[in-house]
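Before any comments, here is the structure.
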Amino acid sequence: MSDPAATPVAAAAEAVQVRRRLPLWRLLVRDRFALVAAFWLALLVVCMAFGPELLGKAATALDLRARNTPPGSLEKGWLAVLGTDALGRSMLARLVVATRNTMAVALTAITLALLVGGLLGMIAGYVGGWSSHLIMRGADVLQSFPSLLLAVVVLYVLEPRVSNLVVVLAVTRLPVYVRVARAEVLEIRERLFVQAARALGGGRRHILRRHIAPVVAPTLLTILTVDFAVVMLAESSLSFLGIGIQPPEITWGLMVAQGRNHLAVAWWLSFLPGLAIMLAAMSANVLSSWLRTVGDPSQRWRLEAPRGER
Amino acid sequence: MSEAATLLEVRDLRVEFRSGLETVHAVNGATFDVRAGETAAILGESGCGKSVTAAAIMRLLPQPPARITAGEIRFDGESVLTMSRPRWRQIAGRRIGMVFQDALSSLNPVFSVGWQIAEAFRVHGEASRAERRRRAIELLDRVGISGAATRVDHFPHQFSGGMRQRVMIAMAVALGPSLLIADEPTTALDVTIQAQIMDLLASLRAEYGMAMVLISHDLGVVSEVADRVAVMYAGRVVESGPTREVLRRPSHPYTLALLRSVPGGKSKAQKLHPIVGSPPDLARMPVGCAFHPRCEMAREICTRVAPPCTVVEGASGATRTVECHFAAEVASGRVA
């Protein structure tokens with residue numbers, strides 16, 4: 001390329017060379033929204049990891065003299081900066097401690113739904129025939145049944161344990177993933193590159209895993225981030241009905257539910273955990289759309305190009 | 001060359017597509033051979049069953065709606081249509097490669113071209129990861145992509161149409177197959193690139209000693225590269241034989257008409273003769289010879305009896321097969 005007669009084309013090609021393959025963290029820094037979202041989610045991970053150990057005591061310590069302290073002042077100590085609840089417990093501590101349960105339930109449930117639903121949907125789409133019918137009618141049944149009712153029945157019959165809760169939440173979200181995965185596969189399997197893979201001697205499993213799944217995955221991941229909030233709220237409804245997470249364990253959803261009784265006098269009891277749910281879901285959404293861009297070879301340049309060129 | 005062993009045999013292949021109301025007979029008894037090392041072309045206008053035949057050979061037909069109702073395809077003596085799926089997977093890619101018409105949609109948009117070329121090795125469980133990459137770079141270089149070592153990590157959308165077709169070809173020949181099926185490999189490309197791709201295919205064919213089935217509607221391309229040609233019309237091979245023989249002295253009216261509908265290049269004054277009418281509705285095939293409604297020399301018998309396959313002795317002693325009642329007359333130029 002040092003040839004002085006190098007064509008502009010060659011120079012452009014070189015520029016492309018230099019720009020390609022920035023490390024992931026550099027791409028993250030370039031997208032401010034994604035950066036903030038990543039920070040927020042990282043903070044949540046820290047809360048998940050250490051919250052109950054660090055603030056577990058503070059989250060359950062009653063202080064009846066400091067009941068329903070409004071947020072925004074440090075008079076009652078730094079733990080009360082986000083206010084206190086009806087029993088004078090620190091909202092900050094409770095929010096931090098609740099992170100683990102909330103995330104554990106929601107993340108496991110949607111991950112489970114994604115994996116199982118995605119797999120079933122891909123099989124239904126690619127294999128077709130009676131297996132497709134079986135899977136799709138199953139999804140129909142699940143979807144035609146009000147999901148809350150289903151959860152109530154199941155959790156009433158079984159014990160309201162956390163594992164049961166997770167499974168029930170996952171099952172109620174399953175049909176969405178099955179349908180979307182199947183629809184995507186129906187389209188993708190007709191694409192020529194799948195034929196090309198078959199012409200190379202690729203078997204069904206190979207093609208599903210290597211050629212179809214990577215194309216379906218971004219769509220499912222996007223749904224996952226939306227479902228994140230839906231599942232957290234569903235969990236809160238169940239907790240509100242007394243068949244979800246059982247006190248003294250806490251989750252954000254449970255906090256929203258419990259705060260509802262005091263909404264007129266202490267809005268922050270419901271508002272703050274609600275805000276936490278919303279921010280977590282939004283961050284997940286922003287980050288997933290960033291990931292989608294990074295993961296799509298024909299979109300990645302948007303992040304790699306300098307700001308002015310986008 | 002004509003003594004080489006037969007590599008691919010297609011015998012009386014019939015493929016139909018069933019929809020609710022009608023059955024479309026896409027291929028109606030196609031018969032042809034491909035010998036080891038030779039280039040055989042399947043020539044015909046669009047809708048004549050060329051690509052369906054290729055898909056049938058590669059077991060790529062979606063069944064249903066497609067159905068292979070009769071016939072046999074033998075590759076190296078083994079029946080392709082009846083062999084087990086695992087056995088076929090050993091042959092596809094390794095012994096038969098395929099190049100598709102539209103290279104962009106034949107490449108997976110989410111993987112680098114290197115990954116996709118390495119796919120051939122991966123599917124057949126060959127070579128380590130580093131080895132696969134090295135061979136992918138080698139192949140890219142071989143098909144004429146400069147800077148292969150960096151281009152190997154690029155994605156399909158970063159390549160031009162001609163380069164994508166080169167990548168497709170690299171994928172198809174990765175395992176050194178003995179047969180390459182090229183389904184209109186240059187149709188989507190402009191003329192200069194077409195020539196380059198055909199040159200590339202020819203040189204690869206010589207290098208690997210591959211046989212090639214070239215599916216094309218382009219008389220120019222076929223006459224340049226094919227050793228033998230099979231002319232297809234309405235799902236049947238109406239004439240087949242050595243390319244020079246067939247194109248110099250066509251003995252089927254359809255071949256003749258096809259030749260006269262292409263600009264000759266020698267004299268501008270020569271008028272082109274388009275083939276009147278349109279190809280038959282494959283759901284309602286005419287009785288007798290499928291070409292008779294458009295044939296200038298059709299007689300009464302053509303509307304009743306489907307012409308048998310006759311062997312015609314060519315000038316140089318080479319034989320060819322023709323399906324026309326009046327093949328001898330057409331060949332001698334007495335009619336038309």
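Each chain in the structure tokens gets a letter, A, B and so on, in the order shown; residues start at 1 in every chain, and ligands are counted from 1 in the order they appear.
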
Once you count only C-alpha atoms, what closest atom pair and distance in Å to one decimal does each residue of chain B within 7 Å of chain A have, with rows by chain and rising residue number, as JSON lines?
```
{"residue": "B:Met58", "atom": "CA", "partner": "A:Ala199", "partner_atom": "CA", "distance": 6.4}
{"residue": "B:Leu60", "atom": "CA", "partner": "A:Gln195", "partner_atom": "CA", "distance": 6.8}
{"residue": "B:Arg89", "atom": "CA", "partner": "A:Gly201", "partner_atom": "CA", "distance": 4.4}
{"residue": "B:Gln90", "atom": "CA", "partner": "A:Gly201", "partner_atom": "CA", "distance": 6.6}
{"residue": "B:Ala92", "atom": "CA", "partner": "A:Gly201", "partner_atom": "CA", "distance": 4.5}
{"residue": "B:Gly93", "atom": "CA", "partner": "A:Leu200", "partner_atom": "CA", "distance": 3.8}
{"residue": "B:Gly97", "atom": "CA", "partner": "A:Leu200", "partner_atom": "CA", "distance": 6.8}
{"residue": "B:Met98", "atom": "CA", "partner": "A:Ala199", "partner_atom": "CA", "distance": 6.4}
{"residue": "B:Ser105", "atom": "CA", "partner": "A:Leu192", "partner_atom": "CA", "distance": 5.5}
{"residue": "B:Ser106", "atom": "CA", "partner": "A:Phe193", "partner_atom": "CA", "distance": 3.9}
{"residue": "B:Leu107", "atom": "CA", "partner": "A:Phe193", "partner_atom": "CA", "distance": 5.0}
{"residue": "B:Asn108", "atom": "CA", "partner": "A:Phe193", "partner_atom": "CA", "distance": 5.5}
{"residue": "B:Val110", "atom": "CA", "partner": "A:Pro297", "partner_atom": "CA", "distance": 6.0}
{"residue": "B:Ala120", "atom": "CA", "partner": "A:Leu200", "partner_atom": "CA", "distance": 6.1}
{"residue": "B:Val123", "atom": "CA", "partner": "A:Gly202", "partner_atom": "CA", "distance": 5.7}
{"residue": "B:Phe155", "atom": "CA", "partner": "A:Pro297", "partner_atom": "CA", "distance": 6.6}
{"residue": "B:His157", "atom": "CA", "partner": "A:Ser298", "partner_atom": "CA", "distance": 6.8}
```

- Where in segment 121-322 of chain B does DSSP assign helix (DSSP H, G or I), given as a PyMOL selection string? chain B and resi 121-123+129-142+148-151+156-158+161-173+191-208+219-225+243-248+253-260+292-294+300-303

- Using DSSP on the backbone coordinates, identify all residues within segment 108-306 of chain B classified as strand (DSSP E); present the result as a count of residues only. 24

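The space separating atom CA of Val116 of chain A from atom CA of Phe240 of chain A comes to 27.6 Å.
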
- Distance query segment 249-257 of chain B at most 6 Å, only C-alpha atoms, self and fewer than 3 positions along chain excluded, as a ChimeraX atom specification: /B:245-246,260,327,330-331

- Task: May I have the residues within 9 Å of Pro177 of chain B as a ChimeraX atom specification, using only C-alpha atoms and disregarding those fewer than 3 positions away in the same chain?
- Result: /B:91-97,172-174,180,208-211

- Task: Skip segment 176-185 of chain A itself and residues of its chain fewer than 2 positions away, then list as a PyMOL selection string all residues within 8 Å of it, counting only C-alpha atoms.
- Result: chain A and resi 113-114+117-126+136+139+173-174+187-189+212+216+220+223

With N, CA and C atoms kept, could you save the residues just selected as an mmCIF file, in the first residue's frame?
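The resulting file, again.cif, is reproduced below:
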```cif
data_model
loop_
_atom_site.group_PDB
_atom_site.id
_atom_site.type_symbol
_atom_site.label_atom_id
_atom_site.label_comp_id
_atom_site.auth_asym_id
_atom_site.auth_seq_id
_atom_site.Cartn_x
_atom_site.Cartn_y
_atom_site.Cartn_z
ATOM 1 N N ALA A 113 -37.575 -19.765 29.344
ATOM 2 C CA ALA A 113 -38.589 -19.633 28.292
ATOM 3 C C ALA A 113 -37.924 -19.497 26.925
ATOM 4 N N LEU A 114 -36.860 -18.700 26.875
ATOM 5 C CA LEU A 114 -36.164 -18.486 25.606
ATOM 6 C C LEU A 114 -35.566 -19.784 25.078
ATOM 7 N N GLY A 117 -38.546 -22.476 24.572
ATOM 8 C CA GLY A 117 -39.451 -21.990 23.523
ATOM 9 C C GLY A 117 -38.744 -21.865 22.189
ATOM 10 N N GLY A 118 -37.528 -21.304 22.224
ATOM 11 C CA GLY A 118 -36.775 -21.139 20.991
ATOM 12 C C GLY A 118 -36.503 -22.474 20.330
ATOM 13 N N LEU A 119 -36.090 -23.440 21.134
ATOM 14 C CA LEU A 119 -35.771 -24.763 20.598
ATOM 15 C C LEU A 119 -37.012 -25.417 19.993
ATOM 16 N N LEU A 120 -38.114 -25.384 20.766
ATOM 17 C CA LEU A 120 -39.353 -25.993 20.265
ATOM 18 C C LEU A 120 -39.807 -25.307 18.981
ATOM 19 N N GLY A 121 -39.732 -23.973 18.984
ATOM 20 C CA GLY A 121 -40.169 -23.223 17.807
ATOM 21 C C GLY A 121 -39.320 -23.549 16.595
ATOM 22 N N MET A 122 -38.008 -23.687 16.803
ATOM 23 C CA MET A 122 -37.129 -23.992 15.676
ATOM 24 C C MET A 122 -37.414 -25.387 15.140
ATOM 25 N N ILE A 123 -37.672 -26.310 16.039
ATOM 26 C CA ILE A 123 -38.005 -27.671 15.595
ATOM 27 C C ILE A 123 -39.316 -27.638 14.813
ATOM 28 N N ALA A 124 -40.311 -26.937 15.377
ATOM 29 C CA ALA A 124 -41.611 -26.859 14.704
ATOM 30 C C ALA A 124 -41.447 -26.258 13.317
ATOM 31 N N GLY A 125 -40.597 -25.229 13.212
ATOM 32 C CA GLY A 125 -40.436 -24.552 11.937
ATOM 33 C C GLY A 125 -39.640 -25.368 10.942
ATOM 34 N N TYR A 126 -38.598 -26.032 11.405
ATOM 35 C CA TYR A 126 -37.698 -26.684 10.456
ATOM 36 C C TYR A 126 -38.144 -28.090 10.112
ATOM 37 N N MET A 136 -47.230 -26.552 18.177
ATOM 38 C CA MET A 136 -48.023 -25.337 18.001
ATOM 39 C C MET A 136 -49.354 -25.416 18.740
ATOM 40 N N ALA A 139 -48.691 -24.691 22.241
ATOM 41 C CA ALA A 139 -48.541 -23.255 22.439
ATOM 42 C C ALA A 139 -49.900 -22.571 22.450
ATOM 43 N N ARG A 173 -44.631 -17.650 29.514
ATOM 44 C CA ARG A 173 -44.001 -16.840 28.465
ATOM 45 C C ARG A 173 -43.605 -17.665 27.249
ATOM 46 N N LEU A 174 -43.674 -18.972 27.389
ATOM 47 C CA LEU A 174 -43.185 -19.876 26.349
ATOM 48 C C LEU A 174 -43.773 -19.641 24.948
ATOM 49 N N GLU A 187 -39.219 -18.681 7.473
ATOM 50 C CA GLU A 187 -38.706 -17.782 6.454
ATOM 51 C C GLU A 187 -37.253 -18.128 6.109
ATOM 52 N N ILE A 188 -36.464 -18.331 7.147
ATOM 53 C CA ILE A 188 -35.026 -18.527 6.916
ATOM 54 C C ILE A 188 -34.737 -19.838 6.193
ATOM 55 N N ARG A 189 -35.525 -20.882 6.501
ATOM 56 C CA ARG A 189 -35.169 -22.176 5.914
ATOM 57 C C ARG A 189 -35.353 -22.198 4.405
ATOM 58 N N ILE A 212 -29.259 -21.524 11.179
ATOM 59 C CA ILE A 212 -30.544 -20.891 11.452
ATOM 60 C C ILE A 212 -30.556 -20.224 12.817
ATOM 61 N N VAL A 216 -31.866 -16.403 14.045
ATOM 62 C CA VAL A 216 -33.070 -16.253 14.853
ATOM 63 C C VAL A 216 -32.753 -15.583 16.193
ATOM 64 N N LEU A 220 -35.085 -13.205 19.130
ATOM 65 C CA LEU A 220 -35.527 -13.767 20.405
ATOM 66 C C LEU A 220 -34.952 -12.970 21.569
ATOM 67 N N ILE A 223 -36.987 -9.892 22.195
ATOM 68 C CA ILE A 223 -38.216 -10.210 22.922
ATOM 69 C C ILE A 223 -37.899 -10.457 24.384
#
```

- Considering only C-alpha atoms, return as a PyMOL selection string whatever protein or nucleic-acid residues lie within 8 Å of segment 221-236 of chain B, sequence-local ones (same chain, fewer than 4 positions apart) excluded. chain B and resi 25-32+38-45+47-50+198+202+214+216+240-244+246-247+254-255+279-280+282+290-291

Write the selection just made, keeping C-alpha atoms, as a PDB file, in the first residue's frame?
```
ATOM      1  CA  HIS B  25     -44.862 -31.497 -14.618  1.00  0.00           C
ATOM      2  CA  ALA B  26     -41.575 -29.701 -14.270  1.00  0.00           C
ATOM      3  CA  VAL B  27     -39.370 -32.508 -15.510  1.00  0.00           C
ATOM      4  CA  ASN B  28     -40.834 -35.124 -17.848  1.00  0.00           C
ATOM      5  CA  GLY B  29     -38.321 -37.822 -18.378  1.00  0.00           C
ATOM      6  CA  ALA B  30     -34.988 -36.064 -18.607  1.00  0.00           C
ATOM      7  CA  THR B  31     -32.132 -38.358 -19.552  1.00  0.00           C
ATOM      8  CA  PHE B  32     -28.479 -37.461 -19.828  1.00  0.00           C
ATOM      9  CA  GLU B  38     -16.045 -33.334 -18.868  1.00  0.00           C
ATOM     10  CA  THR B  39     -18.172 -30.222 -18.933  1.00  0.00           C
ATOM     11  CA  ALA B  40     -21.756 -30.983 -19.745  1.00  0.00           C
ATOM     12  CA  ALA B  41     -24.192 -28.150 -20.248  1.00  0.00           C
ATOM     13  CA  ILE B  42     -27.914 -28.212 -19.766  1.00  0.00           C
ATOM     14  CA  LEU B  43     -29.303 -25.565 -22.049  1.00  0.00           C
ATOM     15  CA  GLY B  44     -32.811 -24.262 -22.179  1.00  0.00           C
ATOM     16  CA  GLU B  45     -35.048 -21.281 -21.665  1.00  0.00           C
ATOM     17  CA  GLY B  47     -38.984 -22.765 -16.893  1.00  0.00           C
ATOM     18  CA  CYS B  48     -37.793 -25.763 -18.869  1.00  0.00           C
ATOM     19  CA  GLY B  49     -36.802 -27.718 -15.787  1.00  0.00           C
ATOM     20  CA  LYS B  50     -33.048 -27.130 -15.746  1.00  0.00           C
ATOM     21  CA  MET B 198     -16.215 -19.003 -16.487  1.00  0.00           C
ATOM     22  CA  ALA B 202     -12.596 -23.879 -16.348  1.00  0.00           C
ATOM     23  CA  LEU B 214     -23.273 -26.197 -16.315  1.00  0.00           C
ATOM     24  CA  SER B 216     -27.401 -22.134 -18.440  1.00  0.00           C
ATOM     25  CA  SER B 240     -27.967 -33.987 -26.625  1.00  0.00           C
ATOM     26  CA  GLY B 241     -24.522 -34.597 -27.959  1.00  0.00           C
ATOM     27  CA  PRO B 242     -21.117 -32.987 -28.438  1.00  0.00           C
ATOM     28  CA  THR B 243     -21.493 -29.220 -28.245  1.00  0.00           C
ATOM     29  CA  ARG B 244     -19.927 -28.486 -31.608  1.00  0.00           C
ATOM     30  CA  VAL B 246     -25.296 -29.928 -31.731  1.00  0.00           C
ATOM     31  CA  LEU B 247     -24.753 -26.228 -32.228  1.00  0.00           C
ATOM     32  CA  TYR B 254     -36.061 -26.300 -31.026  1.00  0.00           C
ATOM     33  CA  THR B 255     -32.262 -26.216 -31.016  1.00  0.00           C
ATOM     34  CA  PRO B 279     -43.300 -22.490 -23.517  1.00  0.00           C
ATOM     35  CA  PRO B 280     -46.160 -24.870 -22.776  1.00  0.00           C
ATOM     36  CA  LEU B 282     -46.448 -27.470 -17.619  1.00  0.00           C
ATOM     37  CA  ALA B 290     -44.271 -30.808 -26.513  1.00  0.00           C
ATOM     38  CA  PHE B 291     -42.737 -28.389 -28.991  1.00  0.00           C
TER      39      PHE B 291
END
```

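Atom pair atom CA of Trp252 of chain A / atom CA of Trp268 of chain A: separated by 12.5 Å.
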
- Please identify all polymer residues within 10 Å of His292 of chain B, counting only C-alpha atoms, omitting same-chain residues fewer than 6 positions from it, and present them as number ranges by chain. B: 253-254, 280, 286, 298-304, 306, 324

Deliver the residues from the most recent selection as a file, using N, CA and C atoms, as an mmCIF file, in the first residue's frame.
```cif
data_model
loop_
_atom_site.group_PDB
_atom_site.id
_atom_site.type_symbol
_atom_site.label_atom_id
_atom_site.label_comp_id
_atom_site.auth_asym_id
_atom_site.auth_seq_id
_atom_site.Cartn_x
_atom_site.Cartn_y
_atom_site.Cartn_z
ATOM 1 N N PRO B 253 -35.747 -29.145 -34.127
ATOM 2 C CA PRO B 253 -36.226 -27.803 -34.512
ATOM 3 C C PRO B 253 -36.069 -26.780 -33.386
ATOM 4 N N TYR B 254 -36.187 -27.252 -32.135
ATOM 5 C CA TYR B 254 -36.061 -26.300 -31.026
ATOM 6 C C TYR B 254 -34.639 -25.774 -30.925
ATOM 7 N N PRO B 280 -44.856 -24.317 -23.148
ATOM 8 C CA PRO B 280 -46.160 -24.870 -22.776
ATOM 9 C C PRO B 280 -46.419 -24.739 -21.278
ATOM 10 N N PRO B 286 -49.072 -30.284 -24.029
ATOM 11 C CA PRO B 286 -49.691 -30.687 -25.289
ATOM 12 C C PRO B 286 -49.461 -32.181 -25.546
ATOM 13 N N ALA B 298 -43.886 -28.511 -37.817
ATOM 14 C CA ALA B 298 -44.736 -29.536 -37.226
ATOM 15 C C ALA B 298 -45.685 -30.105 -38.268
ATOM 16 N N ARG B 299 -45.858 -31.417 -38.218
ATOM 17 C CA ARG B 299 -46.818 -32.054 -39.116
ATOM 18 C C ARG B 299 -47.843 -32.772 -38.266
ATOM 19 N N GLU B 300 -48.680 -33.480 -38.964
ATOM 20 C CA GLU B 300 -49.818 -34.092 -38.290
ATOM 21 C C GLU B 300 -49.365 -35.054 -37.194
ATOM 22 N N ILE B 301 -48.352 -35.828 -37.481
ATOM 23 C CA ILE B 301 -47.909 -36.861 -36.536
ATOM 24 C C ILE B 301 -47.413 -36.241 -35.219
ATOM 25 N N CYS B 302 -46.859 -35.027 -35.317
ATOM 26 C CA CYS B 302 -46.299 -34.371 -34.137
ATOM 27 C C CYS B 302 -47.373 -34.068 -33.096
ATOM 28 N N THR B 303 -48.593 -33.885 -33.545
ATOM 29 C CA THR B 303 -49.659 -33.537 -32.615
ATOM 30 C C THR B 303 -50.240 -34.769 -31.934
ATOM 31 N N ARG B 304 -49.839 -35.955 -32.413
ATOM 32 C CA ARG B 304 -50.394 -37.178 -31.851
ATOM 33 C C ARG B 304 -49.369 -37.993 -31.069
ATOM 34 N N ALA B 306 -45.672 -38.659 -29.349
ATOM 35 C CA ALA B 306 -44.443 -38.096 -28.805
ATOM 36 C C ALA B 306 -43.274 -38.763 -29.522
ATOM 37 N N CYS B 324 -37.120 -36.091 -32.174
ATOM 38 C CA CYS B 324 -37.928 -35.425 -33.184
ATOM 39 C C CYS B 324 -38.219 -36.442 -34.272
#
```

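Minimum atom-to-atom distance to Asn101 of chain A, evaluated using only C-alpha atoms, belongs to A:Thr251 out of A:Asn164, A:Ser131, A:Gln258, A:Thr251.
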
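Closest approach to Val152 of chain B among B:Thr187, B:Ser261, B:Gln116, B:Ser128 is made by B:Gln116 (distances from only C-alpha atoms).
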